[in-house]
$ cat model_30.cif   # mmCIF, N, CA and C atoms and all ligand atoms
data_work
#
loop_
_atom_site.group_PDB
_atom_site.id
_atom_site.type_symbol
_atom_site.label_atom_id
_atom_site.label_comp_id
_atom_site.auth_asym_id
_atom_site.auth_seq_id
_atom_site.Cartn_x
_atom_site.Cartn_y
_atom_site.Cartn_z
ATOM 1 N N MET A 1 -12.196 44.284 -41.358
ATOM 2 C CA MET A 1 -10.874 44.672 -40.841
ATOM 3 C C MET A 1 -10.850 44.582 -39.314
ATOM 4 N N ILE A 2 -9.724 44.169 -38.820
ATOM 5 C CA ILE A 2 -9.587 44.075 -37.367
ATOM 6 C C ILE A 2 -9.054 45.391 -36.821
ATOM 7 N N ASP A 3 -9.603 45.768 -35.706
ATOM 8 C CA ASP A 3 -9.235 46.975 -35.005
ATOM 9 C C ASP A 3 -7.723 47.032 -34.739
ATOM 10 N N LYS A 4 -7.099 48.153 -35.101
ATOM 11 C CA LYS A 4 -5.647 48.317 -34.913
ATOM 12 C C LYS A 4 -5.247 48.206 -33.443
ATOM 13 N N GLU A 5 -6.087 48.767 -32.599
ATOM 14 C CA GLU A 5 -5.789 48.735 -31.167
ATOM 15 C C GLU A 5 -5.791 47.304 -30.642
ATOM 16 N N PHE A 6 -6.747 46.529 -31.158
ATOM 17 C CA PHE A 6 -6.839 45.126 -30.764
ATOM 18 C C PHE A 6 -5.576 44.385 -31.209
ATOM 19 N N ILE A 7 -5.130 44.653 -32.408
ATOM 20 C CA ILE A 7 -3.929 43.993 -32.920
ATOM 21 C C ILE A 7 -2.708 44.386 -32.092
ATOM 22 N N ALA A 8 -2.614 45.651 -31.733
ATOM 23 C CA ALA A 8 -1.488 46.112 -30.908
ATOM 24 C C ALA A 8 -1.479 45.373 -29.574
ATOM 25 N N LYS A 9 -2.681 45.177 -29.033
ATOM 26 C CA LYS A 9 -2.804 44.464 -27.760
ATOM 27 C C LYS A 9 -2.370 43.003 -27.924
ATOM 28 N N GLN A 10 -2.837 42.390 -29.029
ATOM 29 C CA GLN A 10 -2.486 40.996 -29.310
ATOM 30 C C GLN A 10 -0.977 40.847 -29.490
ATOM 31 N N LYS A 11 -0.389 41.845 -30.140
ATOM 32 C CA LYS A 11 1.058 41.803 -30.395
ATOM 33 C C LYS A 11 1.823 41.757 -29.070
ATOM 34 N N LYS A 12 1.344 42.555 -28.129
ATOM 35 C CA LYS A 12 1.997 42.593 -26.825
ATOM 36 C C LYS A 12 1.867 41.235 -26.118
ATOM 37 N N VAL A 13 0.668 40.670 -26.194
ATOM 38 C CA VAL A 13 0.427 39.357 -25.585
ATOM 39 C C VAL A 13 1.346 38.310 -26.221
ATOM 40 N N ILE A 14 1.431 38.352 -27.549
ATOM 41 C CA ILE A 14 2.251 37.376 -28.271
ATOM 42 C C ILE A 14 3.727 37.540 -27.915
ATOM 43 N N GLU A 15 4.187 38.781 -27.878
ATOM 44 C CA GLU A 15 5.597 39.014 -27.553
ATOM 45 C C GLU A 15 5.933 38.522 -26.148
ATOM 46 N N GLU A 16 5.005 38.755 -25.236
ATOM 47 C CA GLU A 16 5.229 38.296 -23.865
ATOM 48 C C GLU A 16 5.250 36.770 -23.793
ATOM 49 N N SER A 17 4.359 36.119 -24.547
ATOM 50 C CA SER A 17 4.330 34.652 -24.571
ATOM 51 C C SER A 17 5.623 34.103 -25.156
ATOM 52 N N ILE A 18 6.104 34.735 -26.200
ATOM 53 C CA ILE A 18 7.354 34.281 -26.829
ATOM 54 C C ILE A 18 8.494 34.351 -25.812
ATOM 55 N N GLU A 19 8.561 35.455 -25.104
ATOM 56 C CA GLU A 19 9.601 35.616 -24.077
ATOM 57 C C GLU A 19 9.508 34.513 -23.033
ATOM 58 N N LYS A 20 8.273 34.256 -22.602
ATOM 59 C CA LYS A 20 8.040 33.237 -21.577
ATOM 60 C C LYS A 20 8.475 31.860 -22.070
ATOM 61 N N PHE A 21 8.097 31.538 -23.301
ATOM 62 C CA PHE A 21 8.437 30.232 -23.861
ATOM 63 C C PHE A 21 9.940 30.077 -24.034
ATOM 64 N N GLU A 22 10.586 31.139 -24.499
ATOM 65 C CA GLU A 22 12.029 31.037 -24.732
ATOM 66 C C GLU A 22 12.762 30.837 -23.409
ATOM 67 N N GLU A 23 12.264 31.497 -22.396
ATOM 68 C CA GLU A 23 12.853 31.356 -21.070
ATOM 69 C C GLU A 23 12.668 29.918 -20.578
ATOM 70 N N GLU A 24 11.450 29.406 -20.763
ATOM 71 C CA GLU A 24 11.094 28.059 -20.326
ATOM 72 C C GLU A 24 11.929 27.006 -21.049
ATOM 73 N N ILE A 25 12.054 27.150 -22.342
ATOM 74 C CA ILE A 25 12.813 26.188 -23.138
ATOM 75 C C ILE A 25 14.283 26.234 -22.749
ATOM 76 N N GLY A 26 14.794 27.407 -22.526
ATOM 77 C CA GLY A 26 16.181 27.542 -22.113
ATOM 78 C C GLY A 26 16.420 26.892 -20.764
ATOM 79 N N ARG A 27 15.448 27.030 -19.866
ATOM 80 C CA ARG A 27 15.583 26.466 -18.527
ATOM 81 C C ARG A 27 15.540 24.940 -18.592
ATOM 82 N N ASN A 28 14.654 24.396 -19.431
ATOM 83 C CA ASN A 28 14.536 22.947 -19.559
ATOM 84 C C ASN A 28 15.803 22.317 -20.126
ATOM 85 N N SER A 29 16.441 22.989 -21.044
ATOM 86 C CA SER A 29 17.627 22.374 -21.645
ATOM 87 C C SER A 29 18.809 22.365 -20.674
ATOM 88 N N ARG A 30 18.706 23.115 -19.605
ATOM 89 C CA ARG A 30 19.796 23.083 -18.626
ATOM 90 C C ARG A 30 19.602 21.990 -17.578
ATOM 91 N N TYR A 31 18.418 21.358 -17.585
ATOM 92 C CA TYR A 31 18.098 20.370 -16.548
ATOM 93 C C TYR A 31 18.867 19.055 -16.688
ATOM 94 N N SER A 32 19.232 18.678 -17.909
ATOM 95 C CA SER A 32 19.727 17.331 -18.161
ATOM 96 C C SER A 32 21.162 17.121 -17.665
ATOM 97 N N ASP A 33 21.443 17.547 -16.474
ATOM 98 C CA ASP A 33 22.792 17.424 -15.945
ATOM 99 C C ASP A 33 22.829 16.384 -14.831
ATOM 100 N N TYR A 34 22.761 15.110 -15.236
ATOM 101 C CA TYR A 34 22.766 14.026 -14.257
ATOM 102 C C TYR A 34 24.153 13.386 -14.204
ATOM 103 N N GLY A 35 24.317 12.453 -13.235
ATOM 104 C CA GLY A 35 25.589 11.740 -13.108
ATOM 105 C C GLY A 35 25.826 10.800 -14.270
ATOM 106 N N SER A 36 26.907 10.024 -14.219
ATOM 107 C CA SER A 36 27.230 9.186 -15.362
ATOM 108 C C SER A 36 27.165 7.689 -15.051
ATOM 109 N N SER A 37 26.676 7.301 -13.844
ATOM 110 C CA SER A 37 26.510 5.875 -13.567
ATOM 111 C C SER A 37 25.363 5.334 -14.409
ATOM 112 N N GLU A 38 25.258 3.994 -14.507
ATOM 113 C CA GLU A 38 24.250 3.407 -15.381
ATOM 114 C C GLU A 38 22.826 3.803 -14.957
ATOM 115 N N ASP A 39 22.598 3.756 -13.639
ATOM 116 C CA ASP A 39 21.279 4.131 -13.117
ATOM 117 C C ASP A 39 20.940 5.562 -13.507
ATOM 118 N N ASP A 40 21.883 6.396 -13.321
ATOM 119 C CA ASP A 40 21.670 7.805 -13.639
ATOM 120 C C ASP A 40 21.358 7.990 -15.114
ATOM 121 N N ASN A 41 22.038 7.185 -15.931
ATOM 122 C CA ASN A 41 21.815 7.316 -17.376
ATOM 123 C C ASN A 41 20.407 6.925 -17.777
ATOM 124 N N THR A 42 19.899 5.834 -17.134
ATOM 125 C CA THR A 42 18.540 5.417 -17.431
ATOM 126 C C THR A 42 17.568 6.515 -17.037
ATOM 127 N N GLN A 43 17.789 7.032 -15.860
ATOM 128 C CA GLN A 43 16.927 8.095 -15.366
ATOM 129 C C GLN A 43 17.018 9.311 -16.286
ATOM 130 N N GLU A 44 18.227 9.582 -16.680
ATOM 131 C CA GLU A 44 18.443 10.740 -17.550
ATOM 132 C C GLU A 44 17.677 10.573 -18.851
ATOM 133 N N PHE A 45 17.725 9.331 -19.375
ATOM 134 C CA PHE A 45 17.055 9.065 -20.640
ATOM 135 C C PHE A 45 15.550 9.312 -20.523
ATOM 136 N N GLU A 46 14.972 8.788 -19.413
ATOM 137 C CA GLU A 46 13.525 8.966 -19.228
ATOM 138 C C GLU A 46 13.152 10.430 -19.078
ATOM 139 N N VAL A 47 13.927 11.119 -18.293
ATOM 140 C CA VAL A 47 13.661 12.542 -18.093
ATOM 141 C C VAL A 47 13.824 13.295 -19.404
ATOM 142 N N MET A 48 14.854 12.899 -20.139
ATOM 143 C CA MET A 48 15.108 13.558 -21.424
ATOM 144 C C MET A 48 13.931 13.373 -22.370
ATOM 145 N N GLU A 49 13.393 12.138 -22.402
ATOM 146 C CA GLU A 49 12.259 11.871 -23.283
ATOM 147 C C GLU A 49 11.069 12.741 -22.918
ATOM 148 N N GLU A 50 10.847 12.835 -21.616
ATOM 149 C CA GLU A 50 9.748 13.656 -21.122
ATOM 150 C C GLU A 50 9.961 15.116 -21.509
ATOM 151 N N LYS A 51 11.146 15.576 -21.259
ATOM 152 C CA LYS A 51 11.471 16.978 -21.565
ATOM 153 C C LYS A 51 11.383 17.224 -23.059
ATOM 154 N N GLN A 52 11.799 16.204 -23.827
ATOM 155 C CA GLN A 52 11.783 16.340 -25.267
ATOM 156 C C GLN A 52 10.364 16.554 -25.782
ATOM 157 N N ALA A 53 9.440 15.764 -25.232
ATOM 158 C CA ALA A 53 8.044 15.887 -25.644
ATOM 159 C C ALA A 53 7.508 17.264 -25.273
ATOM 160 N N LEU A 54 7.850 17.687 -24.081
ATOM 161 C CA LEU A 54 7.420 18.997 -23.610
ATOM 162 C C LEU A 54 8.003 20.087 -24.503
ATOM 163 N N LYS A 55 9.288 19.904 -24.796
ATOM 164 C CA LYS A 55 9.975 20.897 -25.609
ATOM 165 C C LYS A 55 9.366 20.996 -26.990
ATOM 166 N N GLN A 56 8.977 19.828 -27.543
ATOM 167 C CA GLN A 56 8.434 19.836 -28.891
ATOM 168 C C GLN A 56 7.135 20.617 -28.965
ATOM 169 N N SER A 57 6.256 20.403 -27.979
ATOM 170 C CA SER A 57 4.993 21.133 -28.020
ATOM 171 C C SER A 57 5.224 22.610 -27.738
ATOM 172 N N GLU A 58 6.182 22.875 -26.861
ATOM 173 C CA GLU A 58 6.490 24.285 -26.587
ATOM 174 C C GLU A 58 7.090 24.957 -27.811
ATOM 175 N N GLN A 59 7.948 24.210 -28.488
ATOM 176 C CA GLN A 59 8.588 24.808 -29.641
ATOM 177 C C GLN A 59 7.613 25.034 -30.778
ATOM 178 N N LYS A 60 6.624 24.134 -30.876
ATOM 179 C CA LYS A 60 5.605 24.301 -31.897
ATOM 180 C C LYS A 60 4.785 25.559 -31.600
ATOM 181 N N GLU A 61 4.453 25.701 -30.322
ATOM 182 C CA GLU A 61 3.676 26.861 -29.923
ATOM 183 C C GLU A 61 4.473 28.151 -30.142
ATOM 184 N N LEU A 62 5.754 28.055 -29.819
ATOM 185 C CA LEU A 62 6.638 29.197 -30.012
ATOM 186 C C LEU A 62 6.711 29.566 -31.490
ATOM 187 N N ALA A 63 6.808 28.545 -32.341
ATOM 188 C CA ALA A 63 6.865 28.792 -33.781
ATOM 189 C C ALA A 63 5.566 29.436 -34.255
ATOM 190 N N ASP A 64 4.423 28.959 -33.725
ATOM 191 C CA ASP A 64 3.119 29.534 -34.085
ATOM 192 C C ASP A 64 3.033 30.996 -33.680
ATOM 193 N N LEU A 65 3.545 31.282 -32.480
ATOM 194 C CA LEU A 65 3.512 32.656 -31.981
ATOM 195 C C LEU A 65 4.372 33.570 -32.849
ATOM 196 N N LYS A 66 5.527 33.030 -33.257
ATOM 197 C CA LYS A 66 6.416 33.832 -34.105
ATOM 198 C C LYS A 66 5.786 34.098 -35.463
ATOM 199 N N LEU A 67 5.064 33.091 -35.975
ATOM 200 C CA LEU A 67 4.366 33.267 -37.246
ATOM 201 C C LEU A 67 3.272 34.322 -37.111
ATOM 202 N N ALA A 68 2.593 34.275 -35.950
ATOM 203 C CA ALA A 68 1.530 35.248 -35.710
ATOM 204 C C ALA A 68 2.107 36.662 -35.678
ATOM 205 N N LEU A 69 3.280 36.779 -35.056
ATOM 206 C CA LEU A 69 3.947 38.077 -34.987
ATOM 207 C C LEU A 69 4.308 38.572 -36.390
ATOM 208 N N LYS A 70 4.726 37.625 -37.211
ATOM 209 C CA LYS A 70 5.088 37.970 -38.589
ATOM 210 C C LYS A 70 3.846 38.432 -39.355
ATOM 211 N N ARG A 71 2.702 37.743 -39.075
ATOM 212 C CA ARG A 71 1.465 38.136 -39.757
ATOM 213 C C ARG A 71 1.025 39.532 -39.336
ATOM 214 N N ILE A 72 1.314 39.884 -38.068
ATOM 215 C CA ILE A 72 0.998 41.242 -37.616
ATOM 216 C C ILE A 72 1.829 42.230 -38.422
ATOM 217 N N ASP A 73 3.137 41.936 -38.539
ATOM 218 C CA ASP A 73 4.032 42.823 -39.296
ATOM 219 C C ASP A 73 3.634 42.911 -40.761
ATOM 220 N N ASP A 74 3.132 41.819 -41.295
ATOM 221 C CA ASP A 74 2.719 41.793 -42.701
ATOM 222 C C ASP A 74 1.325 42.385 -42.912
ATOM 223 N N GLY A 75 0.642 42.700 -41.813
ATOM 224 C CA GLY A 75 -0.689 43.285 -41.916
ATOM 225 C C GLY A 75 -1.775 42.288 -42.257
ATOM 226 N N VAL A 76 -1.503 40.993 -42.036
ATOM 227 C CA VAL A 76 -2.519 39.984 -42.344
ATOM 228 C C VAL A 76 -2.954 39.211 -41.101
ATOM 229 N N TYR A 77 -2.638 39.759 -39.940
ATOM 230 C CA TYR A 77 -3.021 39.087 -38.705
ATOM 231 C C TYR A 77 -4.534 39.038 -38.557
ATOM 232 N N GLY A 78 -5.038 37.885 -38.099
ATOM 233 C CA GLY A 78 -6.470 37.765 -37.863
ATOM 234 C C GLY A 78 -7.248 37.414 -39.115
ATOM 235 N N VAL A 79 -6.522 37.079 -40.189
ATOM 236 C CA VAL A 79 -7.179 36.672 -41.418
ATOM 237 C C VAL A 79 -6.954 35.172 -41.599
ATOM 238 N N CYS A 80 -8.031 34.440 -41.800
ATOM 239 C CA CYS A 80 -7.934 32.993 -41.950
ATOM 240 C C CYS A 80 -7.084 32.639 -43.172
ATOM 241 N N LEU A 81 -6.114 31.738 -42.973
ATOM 242 C CA LEU A 81 -5.224 31.349 -44.068
ATOM 243 C C LEU A 81 -5.956 30.539 -45.130
ATOM 244 N N LYS A 82 -7.102 29.983 -44.745
ATOM 245 C CA LYS A 82 -7.836 29.134 -45.679
ATOM 246 C C LYS A 82 -8.865 29.930 -46.490
ATOM 247 N N CYS A 83 -9.704 30.678 -45.789
ATOM 248 C CA CYS A 83 -10.814 31.337 -46.495
ATOM 249 C C CYS A 83 -10.695 32.861 -46.528
ATOM 250 N N ALA A 84 -9.626 33.387 -45.899
ATOM 251 C CA ALA A 84 -9.351 34.821 -45.901
ATOM 252 C C ALA A 84 -10.431 35.659 -45.206
ATOM 253 N N SER A 85 -11.292 35.010 -44.434
ATOM 254 C CA SER A 85 -12.247 35.809 -43.676
ATOM 255 C C SER A 85 -11.617 36.196 -42.345
ATOM 256 N N THR A 86 -12.191 37.196 -41.706
ATOM 257 C CA THR A 86 -11.640 37.681 -40.453
ATOM 258 C C THR A 86 -11.889 36.668 -39.332
ATOM 259 N N ILE A 87 -10.833 36.352 -38.600
ATOM 260 C CA ILE A 87 -10.969 35.413 -37.490
ATOM 261 C C ILE A 87 -11.672 36.125 -36.334
ATOM 262 N N GLU A 88 -12.593 35.416 -35.695
ATOM 263 C CA GLU A 88 -13.363 35.980 -34.587
ATOM 264 C C GLU A 88 -12.424 36.523 -33.505
ATOM 265 N N THR A 89 -12.691 37.734 -33.011
ATOM 266 C CA THR A 89 -11.786 38.328 -32.012
ATOM 267 C C THR A 89 -11.762 37.512 -30.721
ATOM 268 N N GLY A 90 -12.898 36.896 -30.377
ATOM 269 C CA GLY A 90 -12.933 36.053 -29.186
ATOM 270 C C GLY A 90 -11.964 34.891 -29.318
ATOM 271 N N ARG A 91 -11.884 34.364 -30.529
ATOM 272 C CA ARG A 91 -10.979 33.256 -30.818
ATOM 273 C C ARG A 91 -9.528 33.726 -30.730
ATOM 274 N N LEU A 92 -9.272 34.900 -31.246
ATOM 275 C CA LEU A 92 -7.907 35.437 -31.204
ATOM 276 C C LEU A 92 -7.480 35.751 -29.777
ATOM 277 N N LYS A 93 -8.455 36.151 -28.967
ATOM 278 C CA LYS A 93 -8.132 36.423 -27.562
ATOM 279 C C LYS A 93 -7.740 35.130 -26.856
ATOM 280 N N ALA A 94 -8.459 34.051 -27.174
ATOM 281 C CA ALA A 94 -8.171 32.761 -26.545
ATOM 282 C C ALA A 94 -6.904 32.142 -27.125
ATOM 283 N N TYR A 95 -6.716 32.283 -28.436
ATOM 284 C CA TYR A 95 -5.524 31.740 -29.102
ATOM 285 C C TYR A 95 -4.890 32.842 -29.938
ATOM 286 N N PRO A 96 -4.021 33.621 -29.326
ATOM 287 C CA PRO A 96 -3.433 34.753 -30.067
ATOM 288 C C PRO A 96 -2.696 34.333 -31.328
ATOM 289 N N SER A 97 -2.278 33.046 -31.393
ATOM 290 C CA SER A 97 -1.534 32.621 -32.573
ATOM 291 C C SER A 97 -2.434 31.967 -33.622
ATOM 292 N N ALA A 98 -3.762 32.044 -33.428
ATOM 293 C CA ALA A 98 -4.693 31.411 -34.366
ATOM 294 C C ALA A 98 -4.483 31.930 -35.788
ATOM 295 N N ALA A 99 -4.366 30.992 -36.714
ATOM 296 C CA ALA A 99 -4.157 31.372 -38.113
ATOM 297 C C ALA A 99 -5.366 31.020 -38.976
ATOM 298 N N TYR A 100 -6.338 30.359 -38.336
ATOM 299 C CA TYR A 100 -7.540 29.948 -39.071
ATOM 300 C C TYR A 100 -8.792 30.380 -38.310
ATOM 301 N N CYS A 101 -9.881 30.611 -39.024
ATOM 302 C CA CYS A 101 -11.141 30.923 -38.388
ATOM 303 C C CYS A 101 -11.680 29.645 -37.713
ATOM 304 N N ALA A 102 -12.725 29.780 -36.929
ATOM 305 C CA ALA A 102 -13.256 28.634 -36.188
ATOM 306 C C ALA A 102 -13.628 27.490 -37.126
ATOM 307 N N ALA A 103 -14.154 27.832 -38.300
ATOM 308 C CA ALA A 103 -14.589 26.813 -39.255
ATOM 309 C C ALA A 103 -13.405 26.015 -39.803
ATOM 310 N N HIS A 104 -12.228 26.611 -39.833
ATOM 311 C CA HIS A 104 -11.072 25.942 -40.407
ATOM 312 C C HIS A 104 -9.989 25.622 -39.380
ATOM 313 N N ALA A 105 -10.353 25.751 -38.100
ATOM 314 C CA ALA A 105 -9.382 25.555 -37.032
ATOM 315 C C ALA A 105 -8.768 24.158 -37.052
ATOM 316 N N ASN A 106 -9.542 23.176 -37.502
ATOM 317 C CA ASN A 106 -9.034 21.795 -37.489
ATOM 318 C C ASN A 106 -7.958 21.554 -38.549
ATOM 319 N N LEU A 107 -7.742 22.519 -39.406
ATOM 320 C CA LEU A 107 -6.716 22.348 -40.435
ATOM 321 C C LEU A 107 -5.325 22.563 -39.876
ATOM 322 N N LYS A 108 -5.301 23.143 -38.691
ATOM 323 C CA LYS A 108 -4.018 23.553 -38.129
ATOM 324 C C LYS A 108 -3.097 22.372 -37.848
ATOM 325 N N GLU A 109 -3.660 21.264 -37.405
ATOM 326 C CA GLU A 109 -2.794 20.144 -37.009
ATOM 327 C C GLU A 109 -2.343 19.302 -38.194
HETATM 328 ZN ZN ZN A 201 -11.535 30.036 -42.593
#

$ encode --input "model_30.cif" --output "structure tokens" --more "lines below"
Ligand SMILES: [Zn+2]
Amino acid sequence: MIDKEFIAKQKKVIEESIEKFEEEIGRNSRYSDYGSSEDDNTQEFEVMEEKQALKQSEQKELADLKLALKRIDDGVYGVCLKCASTIETGRLKAYPSAAYCAAHANLKE
């Protein structure tokens, strides 16, 4: 079993990360306000593609964090989804949204 205090701490870290990501994603979506000439459109497209890629990885991370928060609420946080063993606390500290133990970490992608 994972220490309740540790989970409470992780929950706070996760909630703060979620806030940060949501703020970041909201800020990025306001950037795409360029002019309407052809040059501007090309530039806009390139910037949009870049932002899109950034947004996708951020959104994936945000989704992972939200899932982790749900696992805390469900009382299954820190339990590997594959083998049901307890995920190493060092690993959870480094990746608060980790859903797999080190042995099964590669299953995540
Ligand atoms: Zn495992």

$ closest_atom_pairs --input "model_30.cif" --of "chain A" --to "ligand ZN 201 (chain A)" --cutoff "5 Å" --atoms "only N, CA and C atoms and all ligand atoms" --output "CSV"
residue,atom,partner,partner_atom,distance
A:Cys80,CA,A:ZN201,ZN,4.7
A:Lys82,C,A:ZN201,ZN,4.7
A:Cys83,N,A:ZN201,ZN,3.7
A:Cys101,N,A:ZN201,ZN,4.0
A:His104,N,A:ZN201,ZN,4.5

$ resolve_selection --input "model_30.cif" --expression "the PyMOL selection byres (((chain A and resi 62 and name CA) around 12) and not hetatm and name CA)" --output "list in words"
Ile14, Glu15, Glu16, Ser17, Ile18, Glu19, Lys20, Phe21, Glu22, Glu23, Glu24, Ile25, Lys55, Gln56, Ser57, Glu58, Gln59, Lys60, Glu61, Ala63, Asp64, Leu65, Lys66, Leu67, Ala68, Leu69, Pro96 and Ser97 of chain A

$ select_by_dssp --input "model_30.cif" --residues "segment 17-99 of chain A" --states "helix (DSSP H, G or I)" --output "MDAnalysis selection string"
chainID A and resid 17:29 38:74 89:94

$ closest_residue --input "model_30.cif" --among "A:Thr86, A:Ser29, A:Gln10, A:Thr42" --to "Ala102 of chain A" --atoms "only N, CA and C atoms"
A:Thr86

$ atom_distance --input "model_30.cif" --atom1 "atom CA of Ile2 of chain A" --atom2 "atom CA of Thr89 of chain A"
8.2 Å

$ atom_distance --input "model_30.cif" --atom1 "atom CA of Glu49 of chain A" --atom2 "atom N of Asn28 of chain A"
13.3 Å

$ residues_near_point --input "model_30.cif" --point "(-5.5, 30.9, -37.0)" --cutoff "8 Å" --atoms "only C-alpha atoms" --output "list in words"
Gly78, Val79, Cys80, Leu81, Ile87, Leu92, Tyr95, Ser97, Ala98, Ala99, Tyr100, Cys101, Ala105 and Lys108 of chain A

$ closest_residue --input "model_30.cif" --among "A:Tyr77, A:Lys51, A:Arg27, A:Arg91" --to "Ile7 of chain A" --atoms "all atoms listed in the file"
A:Tyr77

$ atom_distance --input "model_30.cif" --atom1 "atom CA of Ile72 of chain A" --atom2 "atom CA of Ala8 of chain A"
8.7 Å

$ axis_aligned_box --input "model_30.cif" --around "segment 49-53 of chain A" --padding-each-side "4 Å" --output "lines of an AutoDock Vina configuration file"
center_x = 10.5
center_y = 14.6
center_z = -23.5
size_x = 13.9
size_y = 13.4
size_z = 12.7
